[in-house]
file query00.txt (compact mmCIF, C-alpha atoms and all ligand atoms)
# COMPACT_ATOMS: atom_id res chain seq x y z
CA MET A 18 0.00 0.00 0.00
CA LYS A 19 2.83 2.34 0.95
CA LYS A 20 4.65 1.50 -2.26
CA PHE A 21 1.48 2.21 -4.23
CA PHE A 22 1.13 5.58 -2.49
CA TRP A 23 4.66 6.65 -3.35
CA GLY A 24 4.20 5.33 -6.86
CA MET A 25 1.16 7.57 -7.23
CA VAL A 26 2.96 10.60 -5.80
CA ILE A 27 5.93 10.15 -8.13
CA GLY A 28 3.60 9.45 -11.07
CA ILE A 29 1.70 12.67 -10.45
CA PHE A 30 4.60 15.01 -9.72
CA LEU A 31 7.35 13.70 -11.98
CA PRO A 32 5.90 14.80 -15.36
CA PRO A 33 5.34 18.47 -14.35
CA ILE A 34 8.74 18.61 -12.61
CA GLY A 35 10.38 17.05 -15.68
CA GLY A 36 8.58 19.59 -17.90
CA TYR A 37 9.71 22.45 -15.66
CA ILE A 38 13.34 21.30 -15.74
CA PHE A 39 13.11 20.92 -19.52
CA ILE A 40 11.86 24.52 -19.84
CA ILE A 41 14.27 26.20 -17.37
CA SER A 42 17.20 24.36 -18.91
CA GLY A 43 16.32 26.10 -22.20
CA GLY A 44 15.15 22.91 -23.92
CA MET A 45 11.87 24.37 -25.17
CA PRO A 46 12.22 25.95 -28.62
CA VAL A 47 10.65 29.42 -28.51
CA ALA A 48 12.37 31.21 -31.40
CA ALA A 49 10.71 31.17 -34.81
CA LYS A 50 13.75 29.34 -36.16
CA GLY A 51 14.20 25.66 -35.42
CA VAL A 52 12.58 22.28 -35.82
CA PRO A 53 9.26 21.07 -34.40
CA LEU A 54 9.21 19.17 -31.09
CA PRO A 55 8.70 15.41 -31.35
CA MET A 56 4.99 14.74 -32.10
CA GLU A 57 4.27 18.50 -32.42
CA ARG A 58 3.15 18.27 -36.05
CA PHE A 59 1.12 15.12 -35.42
CA ILE A 60 -0.68 16.56 -32.38
CA ALA A 61 -1.35 19.91 -34.08
CA LYS A 62 -2.75 18.18 -37.17
CA LEU A 63 -4.97 15.94 -35.07
CA ALA A 64 -6.34 18.92 -33.12
CA ILE A 65 -7.00 20.95 -36.29
CA ASP A 66 -8.70 18.02 -38.06
CA ARG A 67 -10.92 17.50 -35.03
CA ALA A 68 -11.85 21.20 -34.80
CA MET A 69 -12.78 21.44 -38.50
CA LYS A 70 -14.70 18.18 -38.58
CA ASP A 71 -18.15 19.75 -38.86
CA ASP A 72 -17.26 22.41 -41.43
CA ILE A 73 -15.25 20.24 -43.76
CA THR A 74 -18.29 19.13 -45.77
CA ARG A 75 -19.68 22.65 -46.21
CA ARG A 76 -20.20 23.74 -49.78
CA SER A 77 -19.76 27.29 -51.03
CA PRO A 78 -23.06 29.07 -51.61
CA LEU A 79 -21.38 31.12 -54.38
CA SER A 80 -20.62 30.12 -57.94
CA SER A 81 -16.99 30.09 -59.09
CA ASP A 82 -17.65 32.72 -61.74
CA GLU A 83 -15.28 35.46 -62.82
CA MET A 84 -16.83 38.07 -60.52
CA ASN A 85 -16.25 35.97 -57.39
CA LEU A 86 -12.74 34.86 -58.41
CA LEU A 87 -11.78 38.44 -59.16
CA ALA A 88 -13.12 39.56 -55.77
CA GLY A 89 -11.18 36.67 -54.15
CA ALA A 90 -7.96 37.76 -55.91
CA LYS A 91 -8.37 41.30 -54.61
CA ILE A 92 -8.86 40.06 -51.03
CA TYR A 93 -5.81 37.79 -51.41
CA VAL A 94 -3.44 40.57 -52.52
CA LYS A 95 -4.72 42.84 -49.79
CA HIS A 96 -4.58 40.45 -46.81
CA CYS A 97 -2.80 37.19 -47.64
CA ASP A 98 0.06 37.42 -50.16
CA VAL A 99 2.42 38.93 -47.59
CA CYS A 100 2.57 35.47 -45.99
CA HIS A 101 1.38 33.07 -48.70
CA GLY A 102 3.15 34.59 -51.72
CA LEU A 103 2.17 35.41 -55.27
CA SER A 104 4.33 33.10 -57.36
CA ALA A 105 6.67 30.12 -57.19
CA ASN A 106 10.22 30.50 -55.87
CA GLN A 107 9.61 33.85 -54.23
CA PRO A 108 8.87 33.27 -50.55
CA THR A 109 8.18 36.58 -48.83
CA PHE A 110 10.39 37.94 -46.02
CA ILE A 111 7.56 37.41 -43.51
CA SER A 112 7.01 33.81 -44.58
CA LYS A 113 10.71 33.02 -44.12
CA GLY A 114 10.58 34.28 -40.53
CA LEU A 115 7.48 32.47 -39.29
CA PHE A 116 7.15 29.13 -37.51
CA PRO A 117 5.43 27.16 -38.80
CA ARG A 118 6.16 28.49 -42.28
CA PRO A 119 3.02 29.60 -44.14
CA PRO A 120 2.43 27.38 -47.17
CA GLN A 121 3.26 29.21 -50.44
CA PHE A 122 0.08 28.61 -52.39
CA PHE A 123 1.67 29.29 -55.79
CA GLU A 124 4.52 26.82 -55.26
CA PRO A 125 4.02 23.43 -56.91
CA ASN A 126 2.57 20.95 -54.35
CA GLN A 127 1.64 23.63 -51.85
CA GLY A 128 -1.53 24.86 -53.56
CA LEU A 129 -4.99 24.06 -52.23
CA THR A 130 -6.65 23.15 -55.52
CA GLU A 131 -7.41 19.60 -54.34
CA ASP A 132 -8.59 20.54 -50.83
CA PRO A 133 -12.23 20.50 -49.67
CA ILE A 134 -13.48 24.10 -49.75
CA GLY A 135 -15.05 23.70 -46.28
CA GLU A 136 -11.57 23.13 -44.84
CA VAL A 137 -10.13 26.23 -46.51
CA PHE A 138 -13.13 28.30 -45.39
CA TRP A 139 -12.67 27.10 -41.79
CA SER A 140 -8.96 28.02 -41.76
CA VAL A 141 -9.56 31.53 -43.10
CA LYS A 142 -12.52 32.18 -40.82
CA ASN A 143 -11.00 30.89 -37.59
CA GLY A 144 -7.25 31.15 -38.08
CA MET A 145 -4.81 28.87 -36.25
CA ARG A 146 -3.71 29.61 -32.76
CA LEU A 147 0.05 29.84 -32.15
CA THR A 148 0.83 30.01 -35.86
CA GLY A 149 0.93 33.24 -37.82
CA MET A 150 -2.40 32.40 -39.45
CA PRO A 151 -4.94 35.07 -38.45
CA GLY A 152 -8.67 34.40 -38.21
CA PHE A 153 -10.62 36.74 -40.51
CA ASP A 154 -14.00 36.20 -38.90
CA GLU A 155 -14.15 39.74 -37.55
CA SER A 156 -12.67 41.44 -40.61
CA LEU A 157 -14.16 39.75 -43.67
CA SER A 158 -17.79 38.86 -44.39
CA GLU A 159 -18.78 35.20 -44.95
CA THR A 160 -19.16 36.01 -48.67
CA GLU A 161 -15.63 37.43 -48.82
CA ILE A 162 -14.24 34.36 -47.02
CA TRP A 163 -15.95 32.07 -49.56
CA GLN A 164 -14.61 34.26 -52.40
CA VAL A 165 -10.99 34.06 -51.25
CA SER A 166 -11.39 30.31 -50.57
CA GLN A 167 -12.74 29.77 -54.09
CA PHE A 168 -9.89 31.84 -55.48
CA LEU A 169 -7.36 29.52 -53.76
CA LEU A 170 -9.11 26.41 -55.05
CA SER A 171 -9.07 27.79 -58.59
CA ALA A 172 -5.50 29.17 -58.42
CA ASP A 173 -4.43 26.97 -61.36
CA LYS A 174 -7.27 28.08 -63.65
CA LEU A 175 -7.90 31.75 -62.95
CA PRO A 176 -9.56 34.01 -65.50
CA PRO A 177 -7.21 36.66 -66.99
CA SER A 178 -8.82 39.44 -64.92
CA ALA A 179 -7.88 37.69 -61.64
CA GLN A 180 -4.40 36.85 -62.94
CA GLN A 181 -3.98 40.50 -63.79
CA VAL A 182 -4.60 41.45 -60.15
CA LEU A 183 -1.76 39.14 -59.06
CA THR A 184 0.64 40.32 -61.76
CA SER A 185 0.11 44.00 -61.07
CA GLU A 186 0.77 43.36 -57.37
CA LYS A 187 4.12 41.74 -58.20
CA LEU A 188 5.44 44.80 -60.04
C1 LIG A 201 0.83 36.71 -40.97
C2 LIG A 201 0.89 35.60 -41.90
C3 LIG A 201 -0.37 35.09 -42.52
C4 LIG A 201 -1.35 35.82 -43.17
C5 LIG A 201 -1.44 37.33 -43.38
C6 LIG A 201 -2.27 34.84 -43.70
N1 LIG A 201 -1.86 33.57 -43.36
FE1 LIG A 201 -2.79 31.84 -43.89
N2 LIG A 201 -1.41 30.75 -42.82
C7 LIG A 201 -0.32 31.29 -42.18
C8 LIG A 201 0.43 30.21 -41.56
C9 LIG A 201 1.68 30.36 -40.75
C10 LIG A 201 -0.24 29.01 -41.87
C11 LIG A 201 0.18 27.58 -41.50
C12 LIG A 201 -0.49 27.15 -40.23
C13 LIG A 201 -0.10 25.72 -39.87
O1 LIG A 201 0.92 25.23 -40.34
O2 LIG A 201 -0.84 25.11 -39.11
C14 LIG A 201 -1.41 29.39 -42.66
C15 LIG A 201 -2.34 28.49 -43.13
C16 LIG A 201 -3.37 28.83 -43.98
C17 LIG A 201 -4.33 27.88 -44.54
C18 LIG A 201 -4.34 26.37 -44.28
C19 LIG A 201 -3.48 25.73 -45.33
C20 LIG A 201 -3.53 24.22 -45.35
O3 LIG A 201 -2.57 23.63 -45.87
O4 LIG A 201 -4.50 23.63 -44.88
C21 LIG A 201 -5.17 28.59 -45.36
C22 LIG A 201 -6.32 28.05 -46.20
C23 LIG A 201 -4.76 29.99 -45.29
N3 LIG A 201 -3.67 30.09 -44.45
C24 LIG A 201 -5.35 30.99 -46.01
C25 LIG A 201 -5.08 32.36 -45.81
C26 LIG A 201 -5.83 33.43 -46.44
C27 LIG A 201 -6.96 33.24 -47.45
C28 LIG A 201 -5.32 34.60 -45.95
C29 LIG A 201 -5.81 35.99 -46.23
C30 LIG A 201 -7.22 36.28 -46.11
C31 LIG A 201 -4.22 34.25 -45.06
N4 LIG A 201 -4.10 32.89 -45.00
C32 LIG A 201 -3.41 35.16 -44.41
C33 LIG A 201 0.02 32.62 -42.13
C34 LIG A 201 -0.71 33.67 -42.65
call {"tool": "encode", "arguments": {"input": "query00.txt", "output": "structure tokens", "more": "lines below"}}
Ligand code: HEC
result
Amino acid sequence: MKKFFWGMVIGIFLPPIGGYIFIISGGMPVAAKGVPLPMERFIAKLAIDRAMKDDITRRSPLSSDEMNLLAGAKIYVKHCDVCHGLSANQPTFISKGLFPRPPQFFEPNQGLTEDPIGEVFWSVKNGMRLTGMPGFDESLSETEIWQVSQFLLSADKLPPSAQQVLTSEKL
């Protein structure tokens, strides 16, 4: 019984003490530079997937016509390109200094053209805590969030008017 008691005490107090020692010894990465902690990516992904679960199947109420894609492009160059970039091979200064790095949506393999729109909508609306990704719930209307989400999903087949918005921003 006594052994059990001490086992319990050690079991309860050891993990927080270990965590404290880890932190005061400088083991915890806090700078934006560096690699993720073991399991950090896995745990973060699991938590995000769980949080978005109900929104993932949502469909956009808007059509992907030129007017909406053009509006999405304008929102993107105003609020997003500073982190997510405008073209391949040109990561922005801000993106290079953030942890985790914001995906560069115009780089091959980093675009969202295959993603469910409900997932993109959720990310833009709510943001992601402890990453640089802001939530735009208070700043953009639902319509604007759908427009910029549709723009990202159609990034590989934009009408010339929307492409023009991106090109003029690059100059
Ligand atoms: C200050 C930098 C910053 C700005 C501005 C920003 N983002 Fe992000 N965004 C991030 C970061 C960092 C991540 C990665 C988060 C992660 O890894 O969990 C991200 C992730 C995302 C994701 C999820 C990508 C995926 O692979 O699932 C979407 C969608 C997104 N951003 C869209 C936008 C849109 C649209 C805007 C503008 C309305 C925007 N972001 C503005 C930093 C930013």
call {"tool": "closest_residue", "arguments": {"input": "query00.txt", "among": "A:Trp139, A:Tyr37, A:Phe22, A:Phe30", "to": "ligand LIG 201 (chain A)", "atoms": "all atoms listed in the file"}}
result
A:Trp139
call {"tool": "closest_residue", "arguments": {"input": "query00.txt", "among": "A:Thr148, A:Ser171, A:Ser185, A:Ser156", "to": "ligand LIG 201 (chain A)", "atoms": "only C-alpha atoms and all ligand atoms"}}
result
A:Thr148
call {"tool": "closest_atom_pairs", "arguments": {"input": "query00.txt", "of": "chain A", "to": "ligand LIG 201 (chain A)", "cutoff": "9 Å", "atoms": "only C-alpha atoms and all ligand atoms", "output": "Markdown table"}}
result
| residue | atom | partner | partner_atom | distance |
| --- | --- | --- | --- | --- |
| A:Arg58 | CA | A:LIG201 | O1 | 8.5 |
| A:Ala61 | CA | A:LIG201 | O2 | 7.3 |
| A:Lys62 | CA | A:LIG201 | O2 | 7.4 |
| A:Ile65 | CA | A:LIG201 | O2 | 8.0 |
| A:Gly89 | CA | A:LIG201 | C27 | 8.6 |
| A:Ile92 | CA | A:LIG201 | C30 | 6.4 |
| A:Tyr93 | CA | A:LIG201 | C29 | 5.5 |
| A:Val94 | CA | A:LIG201 | C29 | 8.1 |
| A:Lys95 | CA | A:LIG201 | C29 | 7.8 |
| A:His96 | CA | A:LIG201 | C29 | 4.7 |
| A:Cys97 | CA | A:LIG201 | C29 | 3.5 |
| A:Asp98 | CA | A:LIG201 | C5 | 6.9 |
| A:Val99 | CA | A:LIG201 | C5 | 5.9 |
| A:Cys100 | CA | A:LIG201 | C2 | 4.4 |
| A:His101 | CA | A:LIG201 | N1 | 6.3 |
| A:Ile111 | CA | A:LIG201 | C2 | 7.1 |
| A:Ser112 | CA | A:LIG201 | C2 | 6.9 |
| A:Leu115 | CA | A:LIG201 | C9 | 6.3 |
| A:Phe116 | CA | A:LIG201 | C9 | 6.5 |
| A:Pro117 | CA | A:LIG201 | O1 | 5.1 |
| A:Arg118 | CA | A:LIG201 | C9 | 5.1 |
| A:Pro119 | CA | A:LIG201 | C8 | 3.7 |
| A:Pro120 | CA | A:LIG201 | C11 | 6.1 |
| A:Phe122 | CA | A:LIG201 | C19 | 8.4 |
| A:Gln127 | CA | A:LIG201 | O3 | 7.3 |
| A:Gly128 | CA | A:LIG201 | O3 | 7.9 |
| A:Leu129 | CA | A:LIG201 | O3 | 6.8 |
| A:Asp132 | CA | A:LIG201 | O4 | 7.9 |
| A:Ile134 | CA | A:LIG201 | C22 | 8.9 |
| A:Glu136 | CA | A:LIG201 | O4 | 7.1 |
| A:Val137 | CA | A:LIG201 | C22 | 4.2 |
| A:Phe138 | CA | A:LIG201 | C22 | 6.9 |
| A:Trp139 | CA | A:LIG201 | C22 | 7.8 |
| A:Ser140 | CA | A:LIG201 | C22 | 5.2 |
| A:Val141 | CA | A:LIG201 | C24 | 5.1 |
| A:Lys142 | CA | A:LIG201 | C30 | 8.5 |
| A:Gly144 | CA | A:LIG201 | FE1 | 7.4 |
| A:Met145 | CA | A:LIG201 | C12 | 6.1 |
| A:Arg146 | CA | A:LIG201 | O2 | 8.3 |
| A:Leu147 | CA | A:LIG201 | O2 | 8.5 |
| A:Thr148 | CA | A:LIG201 | C9 | 5.0 |
| A:Gly149 | CA | A:LIG201 | C9 | 4.2 |
| A:Met150 | CA | A:LIG201 | C7 | 3.6 |
| A:Pro151 | CA | A:LIG201 | C6 | 5.9 |
| A:Gly152 | CA | A:LIG201 | C32 | 8.2 |
| A:Phe153 | CA | A:LIG201 | C30 | 6.6 |
| A:Leu157 | CA | A:LIG201 | C30 | 8.1 |
| A:Glu161 | CA | A:LIG201 | C30 | 8.9 |
| A:Ile162 | CA | A:LIG201 | C30 | 7.3 |
| A:Val165 | CA | A:LIG201 | C27 | 5.6 |
| A:Ser166 | CA | A:LIG201 | C27 | 6.2 |
| A:Phe168 | CA | A:LIG201 | C27 | 8.7 |
| A:Leu169 | CA | A:LIG201 | C27 | 7.3 |
call {"tool": "atom_distance", "arguments": {"input": "query00.txt", "atom1": "CA of Ser81 (chain A)", "atom2": "CA of Pro176 (chain A)"}}
result
10.6 Å
call {"tool": "axis_aligned_box", "arguments": {"input": "query00.txt", "around": "region 86-92 of chain A", "padding_each_side": "4 Å", "output": "JSON"}}
result
{"center_x": -10.5, "center_y": 38.1, "center_z": -55.1, "size_x": 13.2, "size_y": 14.4, "size_z": 16.1}
call {"tool": "closest_residue", "arguments": {"input": "query00.txt", "among": "A:Gln107, A:Lys91, A:Leu86, A:Met56", "to": "Lys174 (chain A)", "atoms": "only C-alpha atoms"}}
result
A:Leu86
call {"tool": "residues_around", "arguments": {"input": "query00.txt", "residues": "Ser104 (chain A)", "least_positions_apart": "5", "cutoff": "9 Å", "atoms": "all atoms listed in the file", "output": "PDB file with C-alpha atoms, in the frame of the given file"}}
result
ATOM      1  CA  GLN A 121       3.260  29.210 -50.440  1.00  0.00           C
ATOM      2  CA  PHE A 122       0.080  28.610 -52.390  1.00  0.00           C
ATOM      3  CA  PHE A 123       1.670  29.290 -55.790  1.00  0.00           C
ATOM      4  CA  GLU A 124       4.520  26.820 -55.260  1.00  0.00           C
ATOM      5  CA  LEU A 183      -1.760  39.140 -59.060  1.00  0.00           C
ATOM      6  CA  LYS A 187       4.120  41.740 -58.200  1.00  0.00           C
TER       7      LYS A 187
END
call {"tool": "atom_distance", "arguments": {"input": "query00.txt", "atom1": "CA of Met18 (chain A)", "atom2": "CA of Pro33 (chain A)"}}
result
24.0 Å
call {"tool": "atom_distance", "arguments": {"input": "query00.txt", "atom1": "CA of Thr109 (chain A)", "atom2": "CA of Lys50 (chain A)"}}
result
15.6 Å
call {"tool": "residues_around", "arguments": {"input": "query00.txt", "residues": "Gln180 (chain A)", "least_positions_apart": "5", "cutoff": "9 Å", "atoms": "only C-alpha atoms", "output": "CSV table (one decimal) with C-alpha atoms, keeping the file's coordinate frame"}}
result
chain,number,residue,atom,x,y,z
A,87,LEU,CA,-11.8,38.4,-59.2
A,90,ALA,CA,-8.0,37.8,-55.9
A,172,ALA,CA,-5.5,29.2,-58.4
A,175,LEU,CA,-7.9,31.8,-63.0
A,185,SER,CA,0.1,44.0,-61.1
call {"tool": "closest_residue", "arguments": {"input": "query00.txt", "among": "A:Gln181, A:Ser42, A:Gln164, A:Pro133", "to": "Ile73 (chain A)", "atoms": "all atoms listed in the file"}}
result
A:Pro133
call {"tool": "closest_residue", "arguments": {"input": "query00.txt", "among": "A:Lys113, A:Pro177, A:Gln167, A:Glu155", "to": "Glu131 (chain A)", "atoms": "all atoms listed in the file"}}
result
A:Gln167
call {"tool": "build_atoms", "arguments": {"input": "query00.txt", "residues": "region 154-176 of chain A", "atoms": "N, CA, C and O atoms", "output": "compact mmCIF listing (two decimals), in the coordinates of the input"}}
result
# COMPACT_ATOMS: atom_id res chain seq x y z
N ASP A 154 -12.58 36.17 -39.25
CA ASP A 154 -14.00 36.20 -38.90
C ASP A 154 -14.51 37.61 -38.62
O ASP A 154 -15.61 37.98 -39.02
N GLU A 155 -13.69 38.41 -37.94
CA GLU A 155 -14.15 39.74 -37.55
C GLU A 155 -13.89 40.79 -38.62
O GLU A 155 -14.39 41.91 -38.54
N SER A 156 -13.06 40.44 -39.62
CA SER A 156 -12.67 41.44 -40.61
C SER A 156 -13.32 41.25 -41.97
O SER A 156 -13.54 42.22 -42.69
N LEU A 157 -13.58 40.01 -42.35
CA LEU A 157 -14.16 39.75 -43.67
C LEU A 157 -15.56 39.17 -43.49
O LEU A 157 -15.83 38.47 -42.52
N SER A 158 -16.44 39.44 -44.46
CA SER A 158 -17.79 38.86 -44.39
C SER A 158 -17.70 37.39 -44.81
O SER A 158 -16.71 36.97 -45.42
N GLU A 159 -18.76 36.62 -44.53
CA GLU A 159 -18.78 35.20 -44.95
C GLU A 159 -18.60 35.12 -46.46
O GLU A 159 -17.87 34.28 -46.97
N THR A 160 -19.27 36.02 -47.19
CA THR A 160 -19.16 36.01 -48.67
C THR A 160 -17.71 36.21 -49.08
O THR A 160 -17.19 35.51 -49.94
N GLU A 161 -17.03 37.18 -48.45
CA GLU A 161 -15.63 37.43 -48.82
C GLU A 161 -14.74 36.23 -48.49
O GLU A 161 -13.82 35.91 -49.24
N ILE A 162 -15.05 35.54 -47.38
CA ILE A 162 -14.24 34.36 -47.02
C ILE A 162 -14.46 33.25 -48.05
O ILE A 162 -13.51 32.59 -48.48
N TRP A 163 -15.71 33.07 -48.50
CA TRP A 163 -15.95 32.07 -49.56
C TRP A 163 -15.22 32.48 -50.83
O TRP A 163 -14.63 31.65 -51.53
N GLN A 164 -15.24 33.80 -51.15
CA GLN A 164 -14.61 34.26 -52.40
C GLN A 164 -13.11 33.97 -52.39
O GLN A 164 -12.57 33.45 -53.37
N VAL A 165 -12.44 34.28 -51.27
CA VAL A 165 -10.99 34.06 -51.25
C VAL A 165 -10.68 32.56 -51.21
O VAL A 165 -9.69 32.10 -51.78
N SER A 166 -11.58 31.77 -50.59
CA SER A 166 -11.39 30.31 -50.57
C SER A 166 -11.53 29.76 -51.99
O SER A 166 -10.73 28.92 -52.43
N GLN A 167 -12.54 30.24 -52.71
CA GLN A 167 -12.74 29.77 -54.09
C GLN A 167 -11.56 30.17 -54.96
O GLN A 167 -11.12 29.40 -55.81
N PHE A 168 -11.05 31.37 -54.72
CA PHE A 168 -9.89 31.84 -55.48
C PHE A 168 -8.71 30.86 -55.28
O PHE A 168 -8.05 30.47 -56.24
N LEU A 169 -8.48 30.43 -54.03
CA LEU A 169 -7.36 29.52 -53.76
C LEU A 169 -7.57 28.15 -54.42
O LEU A 169 -6.64 27.54 -54.91
N LEU A 170 -8.82 27.70 -54.43
CA LEU A 170 -9.11 26.41 -55.05
C LEU A 170 -8.97 26.45 -56.57
O LEU A 170 -8.75 25.43 -57.20
N SER A 171 -9.14 27.65 -57.13
CA SER A 171 -9.07 27.79 -58.59
C SER A 171 -7.75 28.42 -59.04
O SER A 171 -7.64 28.88 -60.17
N ALA A 172 -6.75 28.44 -58.13
CA ALA A 172 -5.50 29.17 -58.42
C ALA A 172 -4.82 28.71 -59.71
O ALA A 172 -4.05 29.46 -60.31
N ASP A 173 -5.09 27.46 -60.14
CA ASP A 173 -4.43 26.97 -61.36
C ASP A 173 -5.27 27.22 -62.62
O ASP A 173 -4.86 26.87 -63.72
N LYS A 174 -6.45 27.80 -62.45
CA LYS A 174 -7.27 28.08 -63.65
C LYS A 174 -8.04 29.40 -63.48
O LYS A 174 -9.26 29.45 -63.62
N LEU A 175 -7.27 30.44 -63.19
CA LEU A 175 -7.90 31.75 -62.95
C LEU A 175 -8.21 32.45 -64.27
O LEU A 175 -7.45 32.33 -65.23
N PRO A 176 -9.31 33.21 -64.31
CA PRO A 176 -9.56 34.01 -65.50
C PRO A 176 -8.51 35.13 -65.60
O PRO A 176 -7.94 35.53 -64.58
